[in-house]
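Engineer: Sharing input_28.txt, compact mmCIF, N, CA, C and O atoms:
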# COMPACT_ATOMS: atom_id res chain seq x y z
N MET A 1224 -44.98 -98.18 33.22
CA MET A 1224 -46.02 -98.40 34.19
C MET A 1224 -47.40 -98.38 33.51
O MET A 1224 -48.25 -99.17 33.85
N ALA A 1225 -47.59 -97.50 32.58
CA ALA A 1225 -48.91 -97.38 31.95
C ALA A 1225 -49.18 -98.51 30.97
O ALA A 1225 -50.32 -98.94 30.83
N ILE A 1226 -48.16 -99.01 30.30
CA ILE A 1226 -48.38 -100.05 29.29
C ILE A 1226 -48.90 -101.34 29.90
O ILE A 1226 -49.86 -101.92 29.39
N PRO A 1227 -48.30 -101.85 31.00
CA PRO A 1227 -48.89 -103.06 31.59
C PRO A 1227 -50.33 -102.85 32.09
O PRO A 1227 -51.17 -103.75 31.95
N VAL A 1228 -50.61 -101.69 32.63
CA VAL A 1228 -51.98 -101.42 33.10
C VAL A 1228 -52.95 -101.40 31.91
O VAL A 1228 -54.04 -101.98 31.97
N LEU A 1229 -52.56 -100.75 30.83
CA LEU A 1229 -53.40 -100.74 29.64
C LEU A 1229 -53.56 -102.14 29.06
O LEU A 1229 -54.63 -102.49 28.56
N ALA A 1230 -52.50 -102.94 29.11
CA ALA A 1230 -52.59 -104.30 28.59
C ALA A 1230 -53.60 -105.12 29.38
O ALA A 1230 -54.34 -105.91 28.80
N VAL A 1231 -53.62 -104.92 30.68
CA VAL A 1231 -54.58 -105.66 31.51
C VAL A 1231 -56.00 -105.15 31.28
O VAL A 1231 -56.93 -105.95 31.09
N LEU A 1232 -56.17 -103.85 31.27
CA LEU A 1232 -57.51 -103.29 31.18
C LEU A 1232 -58.14 -103.41 29.80
O LEU A 1232 -59.32 -103.71 29.66
N GLU A 1233 -57.34 -103.15 28.77
CA GLU A 1233 -57.90 -103.10 27.42
C GLU A 1233 -57.72 -104.39 26.63
O GLU A 1233 -58.55 -104.74 25.81
N LEU A 1234 -56.61 -105.09 26.84
CA LEU A 1234 -56.31 -106.27 26.03
C LEU A 1234 -56.49 -107.58 26.78
O LEU A 1234 -56.22 -108.64 26.22
N ASP A 1235 -56.87 -107.51 28.05
CA ASP A 1235 -57.04 -108.69 28.89
C ASP A 1235 -55.79 -109.57 28.88
O ASP A 1235 -55.84 -110.78 28.64
N ALA A 1236 -54.64 -108.96 29.15
CA ALA A 1236 -53.37 -109.68 29.15
C ALA A 1236 -53.26 -110.58 30.37
O ALA A 1236 -53.79 -110.27 31.44
N SER A 1237 -52.54 -111.68 30.20
CA SER A 1237 -52.33 -112.60 31.32
C SER A 1237 -51.21 -112.08 32.21
O SER A 1237 -50.51 -111.12 31.89
N THR A 1238 -51.01 -112.76 33.33
CA THR A 1238 -49.97 -112.37 34.27
C THR A 1238 -48.59 -112.48 33.63
O THR A 1238 -47.73 -111.61 33.82
N ALA A 1239 -48.37 -113.54 32.88
CA ALA A 1239 -47.07 -113.73 32.23
C ALA A 1239 -46.82 -112.64 31.18
O ALA A 1239 -45.70 -112.14 31.06
N GLN A 1240 -47.83 -112.27 30.46
CA GLN A 1240 -47.67 -111.22 29.45
C GLN A 1240 -47.36 -109.88 30.09
O GLN A 1240 -46.52 -109.12 29.59
N VAL A 1241 -48.01 -109.58 31.20
CA VAL A 1241 -47.73 -108.34 31.91
C VAL A 1241 -46.31 -108.37 32.48
O VAL A 1241 -45.59 -107.36 32.45
N ALA A 1242 -45.87 -109.52 32.97
CA ALA A 1242 -44.50 -109.64 33.47
C ALA A 1242 -43.50 -109.40 32.36
O ALA A 1242 -42.48 -108.71 32.56
N TRP A 1243 -43.73 -109.94 31.18
CA TRP A 1243 -42.83 -109.72 30.05
C TRP A 1243 -42.82 -108.24 29.63
O TRP A 1243 -41.76 -107.68 29.33
N LEU A 1244 -43.98 -107.61 29.60
CA LEU A 1244 -44.03 -106.19 29.26
C LEU A 1244 -43.24 -105.35 30.26
O LEU A 1244 -42.51 -104.43 29.88
N THR A 1245 -43.37 -105.67 31.53
CA THR A 1245 -42.64 -104.93 32.56
C THR A 1245 -41.14 -105.14 32.42
O THR A 1245 -40.35 -104.21 32.51
N PHE A 1246 -40.74 -106.38 32.20
CA PHE A 1246 -39.32 -106.70 32.03
C PHE A 1246 -38.74 -105.98 30.82
O PHE A 1246 -37.67 -105.36 30.89
N LEU A 1247 -39.43 -106.06 29.70
CA LEU A 1247 -38.93 -105.43 28.48
C LEU A 1247 -38.92 -103.90 28.58
O LEU A 1247 -38.11 -103.24 27.95
N GLY A 1248 -39.81 -103.35 29.39
CA GLY A 1248 -39.81 -101.91 29.60
C GLY A 1248 -38.64 -101.43 30.43
O GLY A 1248 -38.20 -100.28 30.31
N GLN A 1249 -38.10 -102.29 31.30
CA GLN A 1249 -36.97 -101.92 32.15
C GLN A 1249 -35.63 -102.29 31.55
O GLN A 1249 -34.59 -101.90 32.06
N LEU A 1250 -35.63 -103.04 30.48
CA LEU A 1250 -34.38 -103.51 29.87
C LEU A 1250 -33.56 -102.39 29.21
O LEU A 1250 -32.34 -102.32 29.45
N PRO A 1251 -34.13 -101.51 28.39
CA PRO A 1251 -33.30 -100.49 27.74
C PRO A 1251 -32.54 -99.57 28.70
O PRO A 1251 -31.35 -99.33 28.49
N PRO A 1252 -33.16 -99.04 29.78
CA PRO A 1252 -32.37 -98.20 30.68
C PRO A 1252 -31.22 -98.97 31.34
O PRO A 1252 -30.14 -98.42 31.56
N ALA A 1253 -31.44 -100.24 31.66
CA ALA A 1253 -30.38 -101.02 32.28
C ALA A 1253 -29.21 -101.21 31.31
O ALA A 1253 -28.04 -101.06 31.71
N LEU A 1254 -29.48 -101.51 30.06
CA LEU A 1254 -28.41 -101.69 29.09
C LEU A 1254 -27.69 -100.37 28.79
O LEU A 1254 -26.47 -100.34 28.62
N LEU A 1255 -28.44 -99.29 28.73
CA LEU A 1255 -27.84 -97.99 28.50
C LEU A 1255 -26.93 -97.59 29.66
O LEU A 1255 -25.85 -97.05 29.45
N ALA A 1256 -27.36 -97.89 30.88
CA ALA A 1256 -26.56 -97.54 32.05
C ALA A 1256 -25.24 -98.31 32.06
O ALA A 1256 -24.19 -97.76 32.44
N LEU A 1257 -25.25 -99.55 31.63
CA LEU A 1257 -24.00 -100.33 31.58
C LEU A 1257 -23.00 -99.71 30.61
O LEU A 1257 -21.82 -99.56 30.93
N HIS A 1258 -23.47 -99.34 29.44
CA HIS A 1258 -22.56 -98.75 28.44
C HIS A 1258 -22.12 -97.35 28.85
O HIS A 1258 -20.96 -96.97 28.64
N ALA A 1259 -23.01 -96.58 29.43
CA ALA A 1259 -22.64 -95.23 29.87
C ALA A 1259 -21.60 -95.30 30.99
O ALA A 1259 -20.67 -94.50 31.03
N GLY A 1260 -21.75 -96.25 31.88
CA GLY A 1260 -20.76 -96.41 32.94
C GLY A 1260 -19.40 -96.82 32.41
O GLY A 1260 -18.36 -96.34 32.87
N ALA A 1261 -19.38 -97.71 31.43
CA ALA A 1261 -18.11 -98.13 30.84
C ALA A 1261 -17.43 -96.97 30.12
O ALA A 1261 -16.21 -96.79 30.22
N LEU A 1262 -18.22 -96.17 29.41
CA LEU A 1262 -17.63 -95.01 28.73
C LEU A 1262 -17.14 -93.97 29.73
O LEU A 1262 -16.11 -93.33 29.54
N GLY A 1263 -17.90 -93.80 30.80
CA GLY A 1263 -17.51 -92.82 31.82
C GLY A 1263 -16.22 -93.19 32.51
O GLY A 1263 -15.45 -92.31 32.91
N ASP A 1264 -15.95 -94.47 32.68
CA ASP A 1264 -14.71 -94.90 33.33
C ASP A 1264 -13.48 -94.70 32.45
O ASP A 1264 -12.36 -94.66 32.94
N ARG A 1265 -13.68 -94.58 31.15
CA ARG A 1265 -12.54 -94.47 30.23
C ARG A 1265 -12.04 -93.04 30.04
O ARG A 1265 -10.94 -92.83 29.55
N HIS A 1266 -12.86 -92.05 30.39
CA HIS A 1266 -12.51 -90.67 30.11
C HIS A 1266 -12.20 -89.90 31.39
O HIS A 1266 -12.54 -90.31 32.49
N SER A 1267 -11.57 -88.76 31.19
CA SER A 1267 -11.15 -87.91 32.30
C SER A 1267 -12.35 -87.41 33.10
O SER A 1267 -13.32 -86.91 32.54
N LYS A 1268 -12.27 -87.56 34.42
CA LYS A 1268 -13.37 -87.10 35.28
C LYS A 1268 -13.47 -85.57 35.26
O LYS A 1268 -14.56 -85.01 35.33
N TRP A 1269 -12.35 -84.89 35.16
CA TRP A 1269 -12.36 -83.43 35.11
C TRP A 1269 -13.12 -82.95 33.88
O TRP A 1269 -13.97 -82.06 33.95
N ARG A 1270 -12.85 -83.54 32.74
CA ARG A 1270 -13.52 -83.15 31.50
C ARG A 1270 -15.02 -83.46 31.58
O ARG A 1270 -15.86 -82.72 31.07
N GLN A 1271 -15.39 -84.56 32.22
CA GLN A 1271 -16.80 -84.89 32.38
C GLN A 1271 -17.50 -83.86 33.25
O GLN A 1271 -18.65 -83.47 32.96
N MET A 1272 -16.84 -83.39 34.31
CA MET A 1272 -17.45 -82.39 35.17
C MET A 1272 -17.64 -81.07 34.43
O MET A 1272 -18.68 -80.42 34.55
N ILE A 1273 -16.64 -80.66 33.66
CA ILE A 1273 -16.75 -79.42 32.89
C ILE A 1273 -17.87 -79.54 31.86
O ILE A 1273 -18.68 -78.62 31.68
N THR A 1274 -17.96 -80.68 31.20
CA THR A 1274 -19.03 -80.89 30.22
C THR A 1274 -20.39 -80.84 30.89
O THR A 1274 -21.35 -80.28 30.35
N ALA A 1275 -20.52 -81.44 32.06
CA ALA A 1275 -21.80 -81.43 32.78
C ALA A 1275 -22.19 -80.01 33.17
O ALA A 1275 -23.36 -79.63 33.08
N ILE A 1276 -21.22 -79.22 33.61
CA ILE A 1276 -21.52 -77.84 33.99
C ILE A 1276 -21.96 -77.03 32.78
O ILE A 1276 -22.92 -76.27 32.83
N TRP A 1277 -21.26 -77.21 31.65
CA TRP A 1277 -21.58 -76.43 30.45
C TRP A 1277 -22.83 -76.93 29.74
O TRP A 1277 -23.36 -76.25 28.86
N SER A 1278 -23.34 -78.12 30.10
CA SER A 1278 -24.55 -78.60 29.45
C SER A 1278 -25.80 -77.93 30.01
O SER A 1278 -26.85 -77.97 29.38
N VAL A 1279 -25.69 -77.31 31.17
CA VAL A 1279 -26.82 -76.55 31.74
C VAL A 1279 -26.91 -75.23 30.97
O VAL A 1279 -25.91 -74.57 30.74
N PRO A 1280 -28.10 -74.86 30.53
CA PRO A 1280 -28.21 -73.61 29.76
C PRO A 1280 -27.63 -72.42 30.51
O PRO A 1280 -27.76 -72.29 31.72
N ARG A 1281 -26.98 -71.55 29.78
CA ARG A 1281 -26.28 -70.42 30.39
C ARG A 1281 -27.22 -69.44 31.07
O ARG A 1281 -26.85 -68.78 32.02
N ARG A 1282 -28.44 -69.33 30.60
CA ARG A 1282 -29.36 -68.38 31.24
C ARG A 1282 -29.73 -68.83 32.64
O ARG A 1282 -30.18 -68.04 33.45
N TRP A 1283 -29.56 -70.11 32.94
CA TRP A 1283 -29.84 -70.60 34.28
C TRP A 1283 -28.66 -70.37 35.20
O TRP A 1283 -28.81 -70.34 36.40
N GLN A 1284 -27.46 -70.23 34.64
CA GLN A 1284 -26.26 -70.02 35.44
C GLN A 1284 -25.47 -68.84 34.86
O GLN A 1284 -24.50 -69.04 34.14
N PRO A 1285 -25.86 -67.62 35.20
CA PRO A 1285 -25.18 -66.47 34.61
C PRO A 1285 -23.72 -66.36 35.03
O PRO A 1285 -22.92 -65.72 34.36
N SER A 1286 -23.32 -67.00 36.14
CA SER A 1286 -21.92 -66.92 36.56
C SER A 1286 -21.00 -67.74 35.67
O SER A 1286 -19.78 -67.62 35.76
N LEU A 1287 -21.55 -68.57 34.77
CA LEU A 1287 -20.73 -69.42 33.91
C LEU A 1287 -20.71 -68.93 32.46
O LEU A 1287 -20.61 -69.71 31.54
N ARG A 1288 -20.77 -67.62 32.27
CA ARG A 1288 -20.75 -67.11 30.91
C ARG A 1288 -19.39 -67.26 30.25
O ARG A 1288 -19.27 -67.35 29.06
N ARG A 1289 -18.35 -67.31 31.07
CA ARG A 1289 -17.01 -67.53 30.55
C ARG A 1289 -16.46 -68.81 31.17
O ARG A 1289 -16.79 -69.14 32.29
N PRO A 1290 -15.62 -69.53 30.45
CA PRO A 1290 -15.01 -70.72 31.05
C PRO A 1290 -14.18 -70.35 32.27
O PRO A 1290 -13.59 -69.26 32.33
N PRO A 1291 -14.10 -71.23 33.27
CA PRO A 1291 -13.38 -70.89 34.50
C PRO A 1291 -11.89 -70.64 34.29
O PRO A 1291 -11.28 -69.90 35.05
N TRP A 1292 -11.29 -71.20 33.24
CA TRP A 1292 -9.85 -71.02 33.04
C TRP A 1292 -9.52 -69.68 32.38
O TRP A 1292 -8.35 -69.35 32.24
N THR A 1293 -10.53 -68.88 31.99
CA THR A 1293 -10.24 -67.56 31.40
C THR A 1293 -10.52 -66.43 32.37
O THR A 1293 -10.40 -65.27 32.01
N ARG A 1294 -10.91 -66.73 33.58
CA ARG A 1294 -11.23 -65.68 34.56
C ARG A 1294 -9.99 -65.12 35.19
O ARG A 1294 -8.98 -65.66 35.32
Show me this structure written as structure tokens.

Structural biologist:
Amino acid sequence: MAIPVLAVLELDASTAQVAWLTFLGQLPPALLALHAGALGDRHSKWRQMITAIWSVPRRWQPSLRRPPWTR
């Protein structure tokens, strides 16, 4: 959002140039989401949920100090 505004204000960019900057700024997240979705469909959903839970720092979730299967 800031790059197209700066391009207009500081570099006197044209409408087409601002459109290209906006498009190119949105392209990497879209491509990353496609690959992440494909990888997510190939692996176990249970393992993904456990990984997501354990990726949160332990000090924020003191009830998860031990894995659930050892309780």

Engineer: Quick one, how far is atom N of A:Thr1245 from atom N of A:Leu1232?

Structural biologist: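 Those two atoms sit 12.9 Å apart.
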
Engineer: Between atom CA of A:Thr1238 and atom CA of A:Leu1254, what distance in Å does the model show, to one decimal?

Structural biologist: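 So the two atoms, atom CA of A:Thr1238 and atom CA of A:Leu1254, lie 24.6 Å apart.
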
Engineer: One decimal, in Å: what's the spacing between atom CA of A:Gly1260 and atom CA of A:Ile1273?

Structural biologist: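 Computing it gives 17.5 Å between the two atoms.
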
Engineer: For A:Ala1236, list every protein, DNA or RNA residue within 9 Å, evaluated using only C-alpha atoms, and leave out those in the same chain fewer than 6 positions away; present the list as JSON, numbers by chain.

Structural biologist: {"A": [1227, 1229, 1230]}

Engineer: Please determine, counting all atoms listed in the file, which residue among A:Ile1226, A:Ala1253, A:Ile1276, A:Ala1261 has the shortest atom-to-atom distance to A:Gln1240.

Structural biologist: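 Distance minimum relative to A:Gln1240 lands on A:Ile1226.
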